[in-house]
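Shown below: work.txt, with compact mmCIF, C-alpha atoms.
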# COMPACT_ATOMS: atom_id res chain seq x y z
CA MET A 20 0.00 0.00 0.00
CA LYS A 21 2.84 2.30 0.88
CA GLN A 22 4.76 1.74 -2.35
CA PRO A 23 2.05 2.80 -4.83
CA MET A 24 1.31 5.91 -2.75
CA GLN A 25 4.95 6.84 -2.93
CA LYS A 26 4.98 6.32 -6.68
CA LYS A 27 2.02 8.62 -7.03
CA GLN A 28 3.65 11.21 -4.82
CA ASP A 29 7.04 11.01 -6.51
CA PRO A 30 6.58 9.45 -9.95
CA LEU A 31 9.97 10.63 -11.21
CA ASN A 32 11.71 9.32 -8.14
CA LEU A 33 13.26 12.67 -7.26
CA GLN A 34 13.83 11.32 -3.78
CA SER A 35 16.59 9.17 -5.19
CA LEU A 36 18.72 12.28 -5.55
CA PRO A 37 21.25 12.34 -2.75
CA LEU A 38 21.46 14.97 -0.04
CA VAL A 39 24.05 17.60 -0.80
CA SER A 40 26.68 18.87 1.62
CA PRO A 41 27.20 22.63 1.81
CA PRO A 42 30.51 23.96 0.49
CA ARG A 43 31.37 25.52 3.87
CA ASP A 44 30.48 24.85 7.46
CA GLY A 45 27.68 27.28 8.24
CA TRP A 46 27.90 27.01 12.02
CA PRO A 47 30.62 29.65 12.72
CA VAL A 48 28.48 32.38 11.13
CA ILE A 49 25.36 31.30 12.99
CA GLU A 50 27.26 31.02 16.26
CA ALA A 51 28.75 34.50 15.84
CA VAL A 52 25.29 36.00 15.25
CA LEU A 53 23.77 34.19 18.22
CA ARG A 54 26.66 35.19 20.51
CA ARG A 55 26.38 38.82 19.46
CA GLU A 56 22.66 38.78 20.17
CA GLN A 57 23.18 37.15 23.55
CA ARG A 58 25.75 39.81 24.48
CA ARG A 59 23.36 42.56 23.38
CA ARG A 60 20.54 41.07 25.42
CA THR A 61 22.81 40.87 28.47
CA ALA A 62 23.90 44.48 28.00
CA LEU A 63 20.27 45.53 27.71
CA ARG A 64 19.44 43.69 30.91
CA TYR A 65 22.24 45.51 32.73
CA ALA A 66 21.13 48.82 31.24
CA GLY A 67 17.62 48.06 32.40
CA GLY A 68 18.93 47.38 35.91
CA ALA A 69 20.90 50.62 35.90
CA LEU A 70 17.86 52.53 34.73
CA ALA A 71 15.75 50.97 37.45
CA LEU A 72 18.38 51.95 40.02
CA ALA A 73 18.52 55.49 38.69
CA ALA A 74 14.75 55.67 38.80
CA SER A 75 14.68 54.48 42.40
CA VAL A 76 17.32 57.05 43.41
CA THR A 77 15.30 59.77 41.70
CA LEU A 78 12.19 58.56 43.46
CA ALA A 79 13.97 58.54 46.80
CA LEU A 80 15.25 62.03 46.21
CA GLY A 81 11.81 63.15 45.16
CA LEU A 82 10.34 61.79 48.39
CA VAL A 83 13.01 63.51 50.44
CA LEU A 84 12.35 66.75 48.66
CA GLN A 85 8.61 66.40 49.16
CA ARG A 86 9.07 65.89 52.88
CA PRO A 87 12.00 67.83 54.30
CA LEU A 88 14.24 65.99 56.69
CA SER A 89 13.09 65.94 60.27
CA GLY A 90 15.12 65.22 63.36
CA PRO A 91 18.66 66.24 64.13
CA VAL A 92 21.06 66.33 61.21
CA GLU A 93 24.53 65.04 61.85
CA PRO A 94 26.90 67.94 61.67
CA ALA A 95 29.68 67.45 59.18
CA PRO A 96 33.13 68.00 60.65
CA GLU A 97 34.28 69.89 57.60
CA GLN A 98 31.45 72.37 58.08
CA SER A 99 32.37 73.49 54.65
CA LEU A 100 29.65 74.46 52.31
CA ALA A 101 26.55 73.58 54.19
CA GLN A 102 27.30 75.79 57.18
CA ALA A 103 28.74 78.51 55.06
CA LEU A 104 25.65 78.61 52.90
CA PRO A 105 23.26 80.63 55.05
CA SER A 106 25.75 83.49 55.21
CA THR A 107 26.63 83.31 51.53
CA GLN A 108 22.99 83.13 50.50
CA GLY A 109 22.28 86.39 52.07
CA GLN A 110 18.62 87.25 51.57
CA SER A 111 17.57 84.00 50.03
CA GLY A 112 15.99 82.90 53.31
CA VAL A 113 17.41 79.41 53.69
CA VAL A 114 15.63 78.61 56.93
CA ASP A 115 12.65 80.75 56.31
CA GLY A 116 9.45 78.71 56.53
CA GLY A 117 7.77 80.78 53.89
CA ALA A 118 10.67 80.55 51.45
CA ALA A 119 10.16 80.02 47.73
CA PRO A 120 10.02 76.33 46.68
CA GLU A 121 13.42 76.45 44.94
CA THR A 122 15.09 77.95 48.02
CA GLU A 123 13.46 75.32 50.17
CA THR A 124 14.69 72.56 47.83
CA LEU A 125 18.17 74.03 47.98
CA ASN A 126 17.96 74.02 51.74
CA VAL A 127 16.97 70.36 51.78
CA MET A 128 19.77 69.46 49.38
CA ILE A 129 22.34 71.14 51.59
CA ALA A 130 20.99 69.32 54.63
CA LEU A 131 21.03 66.03 52.76
CA SER A 132 24.58 66.66 51.62
CA GLN A 133 25.62 67.29 55.24
CA ARG A 134 23.91 64.17 56.41
CA LEU A 135 25.58 62.07 53.75
CA GLU A 136 28.96 63.52 54.67
CA GLY A 137 28.45 62.42 58.27
CA ARG A 138 27.30 59.00 57.22
CA LEU A 139 30.26 58.55 54.88
CA ARG A 140 32.62 59.51 57.66
CA ALA A 141 31.17 56.79 59.85
CA LEU A 142 31.25 54.26 57.03
CA ARG A 143 34.87 55.02 56.16
CA SER A 144 35.98 54.34 59.70
CA GLY A 145 33.93 51.13 59.86
CA THR A 146 35.22 49.47 56.71
CA GLY A 147 38.60 48.12 55.76
CA ASP A 148 40.41 48.95 52.57
CA LEU A 149 38.29 48.92 49.47
CA PRO A 150 39.21 46.43 46.75
CA ALA A 151 41.26 47.86 43.87
CA ARG A 152 38.39 48.34 41.44
CA ALA A 153 36.21 50.00 44.03
CA LEU A 154 39.14 52.13 45.13
CA VAL A 155 39.54 53.53 41.62
CA TYR A 156 35.84 54.30 41.54
CA GLN A 157 36.04 55.91 44.97
CA VAL A 158 38.93 58.16 43.92
CA GLU A 159 37.04 59.16 40.77
CA LEU A 160 33.94 59.99 42.74
CA GLU A 161 35.88 62.01 45.28
CA ASP A 162 37.59 63.92 42.47
CA LEU A 163 34.19 64.72 41.05
CA VAL A 164 32.94 65.86 44.46
CA ALA A 165 36.01 68.12 44.73
CA GLN A 166 35.24 69.59 41.31
CA VAL A 167 31.64 70.24 42.31
CA ASP A 168 32.85 71.82 45.55
CA GLU A 169 35.10 74.11 43.58
CA GLU A 170 32.16 75.18 41.42
CA LEU A 171 30.05 75.62 44.50
CA SER A 172 32.56 78.00 45.99
CA ARG A 173 31.79 80.28 43.05
CA ARG A 174 28.04 79.62 42.86
CA PRO A 175 27.01 78.52 46.34
CA ASP A 176 23.29 78.70 45.69
CA SER A 177 23.22 76.63 42.53
CA LEU A 178 20.60 73.91 42.98
CA PRO A 179 21.93 71.72 40.11
CA LEU A 180 25.39 71.72 41.72
CA TRP A 181 24.03 70.71 45.11
CA SER A 182 21.93 68.00 43.46
CA GLN A 183 25.01 66.74 41.70
CA ARG A 184 26.93 66.70 44.95
CA VAL A 185 24.20 64.73 46.70
CA SER A 186 24.10 62.27 43.83
CA LEU A 187 27.87 61.73 43.98
CA LEU A 188 27.81 61.30 47.74
CA MET A 189 25.04 58.73 47.37
CA ASP A 190 27.25 56.82 44.91
CA LEU A 191 30.08 56.86 47.43
CA ASP A 192 27.67 55.78 50.12
CA ARG A 193 26.64 52.78 48.01
CA LEU A 194 30.28 51.88 47.47
CA TYR A 195 30.98 51.69 51.22
CA GLU A 196 27.66 50.04 51.89
CA ASN A 197 28.50 47.23 49.46
CA ARG A 198 31.90 46.82 51.08
CA LEU A 199 30.32 46.57 54.50
CA ARG A 200 27.82 44.04 53.30
CA ARG A 201 30.62 41.91 51.84
CA GLU A 202 32.59 42.10 55.06
CA TYR A 203 29.51 41.14 57.05
CA ARG A 204 28.95 38.11 54.83
CA GLN A 205 32.56 37.06 55.28
CA VAL A 206 32.27 37.28 59.05
CA ALA A 207 28.92 35.49 59.03
CA SER A 208 30.37 32.63 57.01
CA LEU A 209 33.12 31.96 59.57
CA MET B 6 3.60 8.75 2.09
CA THR B 7 7.04 10.09 1.26
CA GLN B 8 9.52 10.49 4.07
CA SER B 9 11.25 13.84 4.08
CA PRO B 10 15.01 13.89 4.69
CA PHE B 11 14.13 16.36 7.45
CA ASP B 12 12.26 13.71 9.37
CA ILE B 13 14.69 13.57 12.31
CA GLU B 14 13.44 13.47 15.87
CA VAL B 15 14.95 16.03 18.22
CA ASP B 16 14.96 15.10 21.91
CA GLN B 17 13.17 17.38 24.34
CA ILE B 18 16.28 18.08 26.40
CA THR B 19 18.19 19.45 23.43
CA LEU B 20 15.19 21.53 22.44
CA ALA B 21 14.79 22.92 25.95
CA GLN B 22 18.49 23.77 26.13
CA ALA B 23 18.39 25.49 22.74
CA ARG B 24 15.33 27.47 23.87
CA ARG B 25 17.36 28.74 26.80
CA GLY B 26 20.07 29.85 24.37
CA SER B 27 22.58 27.03 24.86
CA LEU B 28 24.95 27.27 21.91
CA PRO B 29 26.09 23.61 22.08
CA ALA B 30 22.44 22.53 21.85
CA CYS B 31 21.88 24.88 18.92
CA GLU B 32 24.94 23.46 17.22
CA ARG B 33 23.69 19.90 17.70
CA ILE B 34 20.42 20.80 16.03
CA PHE B 35 22.27 22.56 13.24
CA ARG B 36 24.50 19.56 12.60
CA TRP B 37 21.54 17.21 12.42
CA PHE B 38 19.60 19.29 9.94
CA GLN B 39 22.31 21.09 8.02
CA GLN B 40 22.35 18.69 5.08
CA PRO B 41 18.61 18.36 4.48
CA ALA B 42 18.21 22.12 4.93
CA TYR B 43 20.99 22.92 2.51
CA SER B 44 19.73 20.33 0.03
CA VAL B 45 16.22 21.73 -0.13
CA ALA B 46 17.56 25.28 -0.36
CA LEU B 47 19.86 24.23 -3.18
CA ARG B 48 17.07 22.43 -5.07
CA ILE B 49 14.96 25.56 -4.90
CA CYS B 50 17.62 28.23 -5.46
CA GLN B 51 20.02 26.23 -7.64
CA CYS B 52 22.98 28.30 -6.44
CA PRO B 53 25.36 26.88 -3.80
CA ASP B 54 26.25 30.25 -2.28
CA THR B 55 22.64 31.38 -2.13
CA ALA B 56 21.61 28.04 -0.67
CA GLN B 57 24.29 28.38 1.99
CA GLU B 58 23.06 31.86 2.92
CA VAL B 59 19.45 30.69 2.95
CA THR B 60 20.38 27.81 5.24
CA GLN B 61 22.24 30.08 7.66
CA GLU B 62 19.46 32.68 7.71
CA ALA B 63 16.87 29.99 8.26
CA PHE B 64 18.73 28.51 11.22
CA ILE B 65 19.28 31.94 12.76
CA THR B 66 15.54 32.60 12.42
CA VAL B 67 14.74 29.24 13.96
CA PHE B 68 17.03 29.78 16.96
CA ARG B 69 15.70 33.30 17.48
CA LYS B 70 12.11 32.12 17.41
CA LEU B 71 12.57 28.85 19.20
CA ARG B 72 10.59 30.12 22.17
CA GLN B 73 7.61 30.54 19.86
CA TYR B 74 7.72 26.90 18.79
CA ARG B 75 4.84 25.34 20.68
CA GLY B 76 5.77 21.72 20.17
CA ASP B 77 2.35 20.65 18.88
CA ALA B 78 3.90 19.60 15.55
CA PRO B 79 7.24 17.94 14.88
CA PHE B 80 10.18 20.30 15.17
CA TRP B 81 11.58 19.18 11.83
CA GLY B 82 8.38 20.22 10.06
CA TRP B 83 8.62 23.71 11.51
CA LEU B 84 12.29 23.99 10.67
CA ARG B 85 11.70 22.78 7.14
CA ARG B 86 8.94 25.30 6.64
CA VAL B 87 11.26 28.11 7.74
CA VAL B 88 13.99 26.93 5.33
CA VAL B 89 11.52 26.64 2.44
CA ASN B 90 10.02 30.07 3.15
CA HIS B 91 13.47 31.63 3.19
CA ALA B 92 14.40 29.88 -0.04
CA ILE B 93 11.22 30.96 -1.81
CA SER B 94 11.56 34.58 -0.72
CA THR B 95 15.22 34.56 -1.82
CA LEU B 96 14.20 33.10 -5.15
CA ARG B 97 11.78 35.96 -5.62
CA ARG B 98 14.33 38.60 -4.69
CA SER B 99 17.22 37.45 -6.81
CA PRO B 100 17.54 35.46 -10.00
CA ARG B 101 19.71 32.40 -10.27
CA ALA B 102 23.37 33.36 -10.13
CA GLN B 103 25.30 30.19 -10.69
CA GLU B 104 24.65 26.87 -12.30
CA LEU B 105 24.67 23.85 -10.05
CA GLU B 106 27.68 21.61 -10.40
CA PHE B 107 27.58 17.94 -9.63
CA GLN B 108 30.83 17.77 -7.81
CA ASP B 109 29.28 16.03 -4.83
CA TYR B 110 28.38 12.91 -6.76
CA HIS B 111 30.87 10.08 -6.62
CA ALA B 112 30.36 6.48 -7.60
CA SER B 113 32.18 4.06 -5.34
CA SER B 114 31.55 0.95 -7.42
CA HIS B 115 30.90 0.01 -11.00
CA GLY B 116 27.33 -0.91 -10.13
CA GLN B 117 26.69 2.60 -8.90
CA GLN B 118 27.82 4.15 -12.16
CA GLU B 119 24.44 3.73 -13.74
CA GLN B 120 22.67 5.16 -10.71
CA LEU B 121 25.05 8.05 -10.71
CA GLY B 122 24.36 8.73 -14.38
CA LEU B 123 20.63 8.66 -13.74
CA ALA B 124 20.96 10.97 -10.77
CA MET B 125 23.02 13.39 -12.79
CA ASP B 126 20.50 13.29 -15.61
CA LEU B 127 17.72 13.91 -13.16
CA GLU B 128 19.63 16.71 -11.50
CA ALA B 129 20.40 18.32 -14.84
CA ALA B 130 16.77 18.00 -15.91
CA LEU B 131 15.63 19.53 -12.66
CA ALA B 132 18.07 22.41 -13.06
CA SER B 133 16.69 23.17 -16.48
CA LEU B 134 13.20 23.81 -15.12
CA GLY B 135 11.94 27.28 -14.38
CA ASP B 136 12.41 28.41 -10.77
CA GLU B 137 8.79 28.06 -9.68
CA ASP B 138 8.24 24.79 -11.54
CA ARG B 139 11.30 23.26 -9.94
CA ALA B 140 10.39 24.47 -6.48
CA VAL B 141 6.83 23.17 -6.77
CA VAL B 142 7.79 19.73 -8.05
CA TRP B 143 10.42 19.38 -5.35
CA LEU B 144 8.19 20.53 -2.53
CA HIS B 145 5.37 18.27 -3.66
CA ASP B 146 7.20 15.14 -4.77
CA VAL B 147 10.11 15.07 -2.34
CA GLU B 148 9.04 17.03 0.70
CA GLY B 149 5.46 15.84 0.52
CA TYR B 150 3.70 19.18 0.78
CA GLY B 151 0.13 19.37 -0.51
CA HIS B 152 -1.09 21.82 -3.11
CA LYS B 153 -2.76 23.95 -0.49
CA GLU B 154 0.47 24.38 1.48
CA ILE B 155 2.51 25.09 -1.63
CA ALA B 156 -0.05 27.67 -2.75
CA GLU B 157 0.25 29.37 0.65
CA MET B 158 4.04 29.46 0.43
CA PHE B 159 3.91 31.18 -2.92
CA GLY B 160 0.94 33.33 -2.02
CA LYS B 161 -1.04 31.89 -4.93
CA THR B 162 -3.98 29.57 -5.56
CA GLU B 163 -4.03 25.78 -5.47
CA SER B 164 -4.51 25.68 -9.20
CA PHE B 165 -1.17 27.45 -9.56
CA SER B 166 0.49 24.59 -7.67
CA LYS B 167 -1.34 21.91 -9.66
CA THR B 168 -0.54 23.51 -13.00
CA ARG B 169 3.12 23.99 -12.13
CA LEU B 170 3.48 20.45 -10.87
CA SER B 171 1.92 18.97 -13.95
CA ARG B 172 4.05 21.13 -16.23
CA ALA B 173 7.25 20.38 -14.34
CA ARG B 174 6.67 16.63 -14.39
CA ALA B 175 5.91 16.65 -18.09
CA ARG B 176 9.04 18.64 -18.80
CA LEU B 177 11.19 16.35 -16.66
CA ARG B 178 9.80 13.29 -18.42
CA SER B 179 10.51 14.68 -21.82
CA LEU B 180 14.03 15.64 -20.81
CA LEU B 181 14.78 12.27 -19.28
CA GLU B 182 13.21 10.16 -22.02
CA GLY B 183 15.21 11.63 -24.84
CA PRO B 184 14.29 10.76 -28.43
CA GLY B 185 12.68 7.34 -28.62
CA GLU B 186 13.51 6.38 -25.02
CA SER B 187 11.35 5.96 -22.01
CA ILE B 188 12.05 6.61 -18.38
CA PRO B 189 13.13 3.36 -16.70
CA GLY B 190 10.28 1.86 -14.77
CA GLU B 191 7.69 4.13 -16.39
CA ALA B 192 4.81 2.71 -18.39
CA PRO B 193 4.47 3.74 -22.04
CA GLY B 194 2.12 6.66 -22.51
CA GLY B 195 3.77 8.92 -19.98
CA LYS B 196 1.86 7.86 -16.83
CA ALA B 197 4.22 6.97 -14.07
CA ALA B 198 4.19 3.34 -13.04
CA GLY B 199 7.44 2.85 -11.29
CA GLY B 200 9.59 5.94 -11.29
CA ILE B 201 13.22 6.05 -12.24
CA ALA B 202 15.10 3.03 -11.05
CA PRO B 203 17.55 4.07 -8.42
The structure given in the file should be rewritten as structure tokens.
Amino acid sequence: MKQPMQKKQDPLNLQSLPLVSPPRDGWPVIEAVLRREQRRRTALRYAGGALALAASVTLALGLVLQRPLSGPVEPAPEQSLAQALPSTQGQSGVVDGGAAPETETLNVMIALSQRLEGRLRALRSGTGDLPARALVYQVELEDLVAQVDEELSRRPDSLPLWSQRVSLLMDLDRLYENRLRREYRQVASL
Amino acid sequence: MTQSPFDIEVDQITLAQARRGSLPACERIFRWFQQPAYSVALRICQCPDTAQEVTQEAFITVFRKLRQYRGDAPFWGWLRRVVVNHAISTLRRSPRAQELEFQDYHASSHGQQEQLGLAMDLEAALASLGDEDRAVVWLHDVEGYGHKEIAEMFGKTESFSKTRLSRARARLRSLLEGPGESIPGEAPGGKAAGGIAP
């Protein structure tokens, strides 16, 4: 039964023609394309993670700005910009309850910057040496903070500069935080 | 029913690994199907370089879309359809660039000489067909597709497939018979009774 059906399907017996081998191995090209796509997908995933982190930092900042810090703020030993600001701002009314929203935001940023400075000081003393890669990152961040500070000495009431400073300090904070967490895990595993 | 050279069963573990992007699993699948895929692409496109590109593109498409494969039909059928679709769309985009050479045919014994000659005749006859005629006769007679499926692949009606098949077979017969000869195993009058003896 099978044979006549086959004859009807393939009366010229084309199936007798042999399979043909390709002139070149096609796999290397396919593999290269698939690898490239996998790398791109991985990069996109990381980018997505970074975006999510940035979004959460922005959200956190937004919340802080919505609700000004309450409770005592740790005084920074340097007492550099934050304490100098009220005098340099002159009539801008830094602590004035009825201040304009931008002035109030600036005030909160300065307070946040001070608080982060204090926290970083505590973190630095509590952690050992950072690993080499983190150390490079730390030095870069501190350079950037120094650059912002220099700018701030010329424009002490610039909100973008204070925001930038807070953002950099938060990055530093994360760096130490990660180090602490690693150290804690090492101790816990003993 | 004809058995397609694609009819190879792929185990579920390999498929699952390939779905997750495992390159060794993808390579295994490629190695299993490379020859049938290249062969069908070559029969349709008649150009070795084009067939190679079609095969590579088809496999890349398959591996990219592997997550979409639901598993309710054999994997080989899905893969074959992708290869055929790529070959047909390539055929439409670009005309034939290079004549097929029969360098892959080798007879290992005297007894195979005759078979080899027949295969070469058949191959040459097939190559002389128009692109669509050749593709239709191959897809129908060798791969076992029905007229409805072939019509879908070409975006045409079933009668297109039937007409092309009939024309292609008639042309092949006349080419293979030669003056005063008949195709081995075929009854006089042109109706197939046995096909070409392998």
Sort by chain and increasing residue number a table of all residues of segment 55-110 of chain B within 9 Å of segment 155-162 of chain B, each with its closest pair of atoms and their distance in Å to one decimal, counting all atoms listed in the file, and write it as JSON lines.
{"residue": "B:Arg86", "atom": "CA", "partner": "B:Met158", "partner_atom": "CA", "distance": 8.9}
{"residue": "B:Val89", "atom": "CA", "partner": "B:Met158", "partner_atom": "CA", "distance": 8.2}
{"residue": "B:Asn90", "atom": "CA", "partner": "B:Met158", "partner_atom": "CA", "distance": 6.6}
{"residue": "B:Ile93", "atom": "CA", "partner": "B:Phe159", "partner_atom": "CA", "distance": 7.4}
{"residue": "B:Ser94", "atom": "CA", "partner": "B:Phe159", "partner_atom": "CA", "distance": 8.7}
(request) Determine which residues of chain A sit within 8 Å of chain B, taking into account all atoms listed in the file, and present them as a ChimeraX atom specification. (result) /A:21,24-36,38-43,45-46,48-50,52-53,57
(message) Report, in Å with one decimal, the straight-line distance from atom CA of Ala153 of chain A to atom CA of Leu188 of chain A.
(response)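 Straight-line distance from atom CA of Ala153 of chain A to atom CA of Leu188 of chain A works out to 14.6 Å.
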Excluding segment 157-159 of chain A and its own-chain neighbours fewer than 2 positions away, which residues fall within 12 Å of it when counting only C-alpha atoms? Please give them as a PDB file with C-alpha atoms, in the coordinates of the input.
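Okay, selection.pdb is ready:
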ATOM      1  CA  LEU A 139      30.260  58.550  54.880  1.00  0.00           C
ATOM      2  CA  ARG A 143      34.870  55.020  56.160  1.00  0.00           C
ATOM      3  CA  ASP A 148      40.410  48.950  52.570  1.00  0.00           C
ATOM      4  CA  LEU A 149      38.290  48.920  49.470  1.00  0.00           C
ATOM      5  CA  PRO A 150      39.210  46.430  46.750  1.00  0.00           C
ATOM      6  CA  ALA A 151      41.260  47.860  43.870  1.00  0.00           C
ATOM      7  CA  ARG A 152      38.390  48.340  41.440  1.00  0.00           C
ATOM      8  CA  ALA A 153      36.210  50.000  44.030  1.00  0.00           C
ATOM      9  CA  LEU A 154      39.140  52.130  45.130  1.00  0.00           C
ATOM     10  CA  VAL A 155      39.540  53.530  41.620  1.00  0.00           C
ATOM     11  CA  GLU A 161      35.880  62.010  45.280  1.00  0.00           C
ATOM     12  CA  ASP A 162      37.590  63.920  42.470  1.00  0.00           C
ATOM     13  CA  LEU A 163      34.190  64.720  41.050  1.00  0.00           C
ATOM     14  CA  VAL A 164      32.940  65.860  44.460  1.00  0.00           C
ATOM     15  CA  ALA A 165      36.010  68.120  44.730  1.00  0.00           C
ATOM     16  CA  GLN A 166      35.240  69.590  41.310  1.00  0.00           C
ATOM     17  CA  LEU A 187      27.870  61.730  43.980  1.00  0.00           C
ATOM     18  CA  LEU A 188      27.810  61.300  47.740  1.00  0.00           C
ATOM     19  CA  MET A 189      25.040  58.730  47.370  1.00  0.00           C
ATOM     20  CA  ASP A 190      27.250  56.820  44.910  1.00  0.00           C
ATOM     21  CA  LEU A 191      30.080  56.860  47.430  1.00  0.00           C
ATOM     22  CA  ASP A 192      27.670  55.780  50.120  1.00  0.00           C
ATOM     23  CA  ARG A 193      26.640  52.780  48.010  1.00  0.00           C
ATOM     24  CA  LEU A 194      30.280  51.880  47.470  1.00  0.00           C
ATOM     25  CA  TYR A 195      30.980  51.690  51.220  1.00  0.00           C
ATOM     26  CA  ARG A 198      31.900  46.820  51.080  1.00  0.00           C
TER      27      ARG A 198
END
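With atom CA of Leu135 of chain A on one side and atom CA of Pro120 of chain A on the other, the separation reads 22.3 Å.
Across the model, the gap from atom CA of Ile13 of chain B to atom CA of Phe38 of chain B is 7.9 Å.
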(request) Could you give me, as a ChimeraX atom specification, the residues within 7 Å of His152 of chain B, counting only C-alpha atoms and dropping anything in the same chain fewer than 4 positions from it? (result) /B:156,163,166-167
(request) May I ask which of the residues B:Val87, B:Val67, B:Leu180, B:Ile49 is the closest one to Ala129 of chain B, counting all atoms listed in the file? (result)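 Residue with the minimum atom-to-atom distance to Ala129 of chain B: B:Leu180.
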(message) Would you pick out the contacts of Glu169 of chain A at 12 Å or less, using all atoms listed in the file, so that residues sharing its chain but fewer than 5 positions from it are not included, and give the list as number ranges by chain?
(response) A: 99-100, 162-164, 174-175, 180-181, 184
(request) Have a look at B:Tyr74, B:Thr168, B:Val59, B:Gln51 and name the one nearest to Ala21 of chain B; count only C-alpha atoms. (result) B:Tyr74
Using 5 Å of padding on each side, determine the axis-aligned box around all atoms of segment 138-152 of chain B present in the file and give its centre and edge lengths in Å to one decimal, as AutoDock Vina command-line options.
--center_x 5.1 --center_y 19.9 --center_z -5.4 --size_x 22.4 --size_y 19.7 --size_z 22.3
Segment 74-87 of chain B rebuilt with N, CA and C atoms, output as an mmCIF file, in the frame of the given file:
data_model
loop_
_atom_site.group_PDB
_atom_site.id
_atom_site.type_symbol
_atom_site.label_atom_id
_atom_site.label_comp_id
_atom_site.auth_asym_id
_atom_site.auth_seq_id
_atom_site.Cartn_x
_atom_site.Cartn_y
_atom_site.Cartn_z
ATOM 1 N N TYR B 74 8.096 28.236 19.250
ATOM 2 C CA TYR B 74 7.720 26.900 18.790
ATOM 3 C C TYR B 74 6.961 26.200 19.916
ATOM 4 N N ARG B 75 5.713 25.854 19.627
ATOM 5 C CA ARG B 75 4.840 25.340 20.680
ATOM 6 C C ARG B 75 4.998 23.849 20.930
ATOM 7 N N GLY B 76 5.558 23.149 19.968
ATOM 8 C CA GLY B 76 5.770 21.720 20.170
ATOM 9 C C GLY B 76 4.570 20.872 19.833
ATOM 10 N N ASP B 77 3.527 21.462 19.221
ATOM 11 C CA ASP B 77 2.350 20.650 18.880
ATOM 12 C C ASP B 77 2.507 19.965 17.511
ATOM 13 N N ALA B 78 3.570 20.286 16.810
ATOM 14 C CA ALA B 78 3.900 19.600 15.550
ATOM 15 C C ALA B 78 5.384 19.256 15.611
ATOM 16 N N PRO B 79 5.813 18.310 14.798
ATOM 17 C CA PRO B 79 7.240 17.940 14.880
ATOM 18 C C PRO B 79 8.143 19.142 14.595
ATOM 19 N N PHE B 80 9.233 19.181 15.324
ATOM 20 C CA PHE B 80 10.180 20.300 15.170
ATOM 21 C C PHE B 80 10.706 20.367 13.745
ATOM 22 N N TRP B 81 10.986 19.188 13.168
ATOM 23 C CA TRP B 81 11.580 19.180 11.830
ATOM 24 C C TRP B 81 10.655 19.826 10.803
ATOM 25 N N GLY B 82 9.341 19.641 10.991
ATOM 26 C CA GLY B 82 8.380 20.220 10.060
ATOM 27 C C GLY B 82 8.417 21.747 10.105
ATOM 28 N N TRP B 83 8.547 22.248 11.323
ATOM 29 C CA TRP B 83 8.620 23.710 11.510
ATOM 30 C C TRP B 83 9.906 24.252 10.907
ATOM 31 N N LEU B 84 10.989 23.563 11.203
ATOM 32 C CA LEU B 84 12.290 23.990 10.670
ATOM 33 C C LEU B 84 12.276 23.973 9.142
ATOM 34 N N ARG B 85 11.735 22.901 8.603
ATOM 35 C CA ARG B 85 11.700 22.780 7.140
ATOM 36 C C ARG B 85 10.890 23.907 6.511
ATOM 37 N N ARG B 86 9.783 24.227 7.178
ATOM 38 C CA ARG B 86 8.940 25.300 6.640
ATOM 39 C C ARG B 86 9.707 26.630 6.625
ATOM 40 N N VAL B 87 10.472 26.874 7.664
ATOM 41 C CA VAL B 87 11.260 28.110 7.740
ATOM 42 C C VAL B 87 12.292 28.139 6.603
#
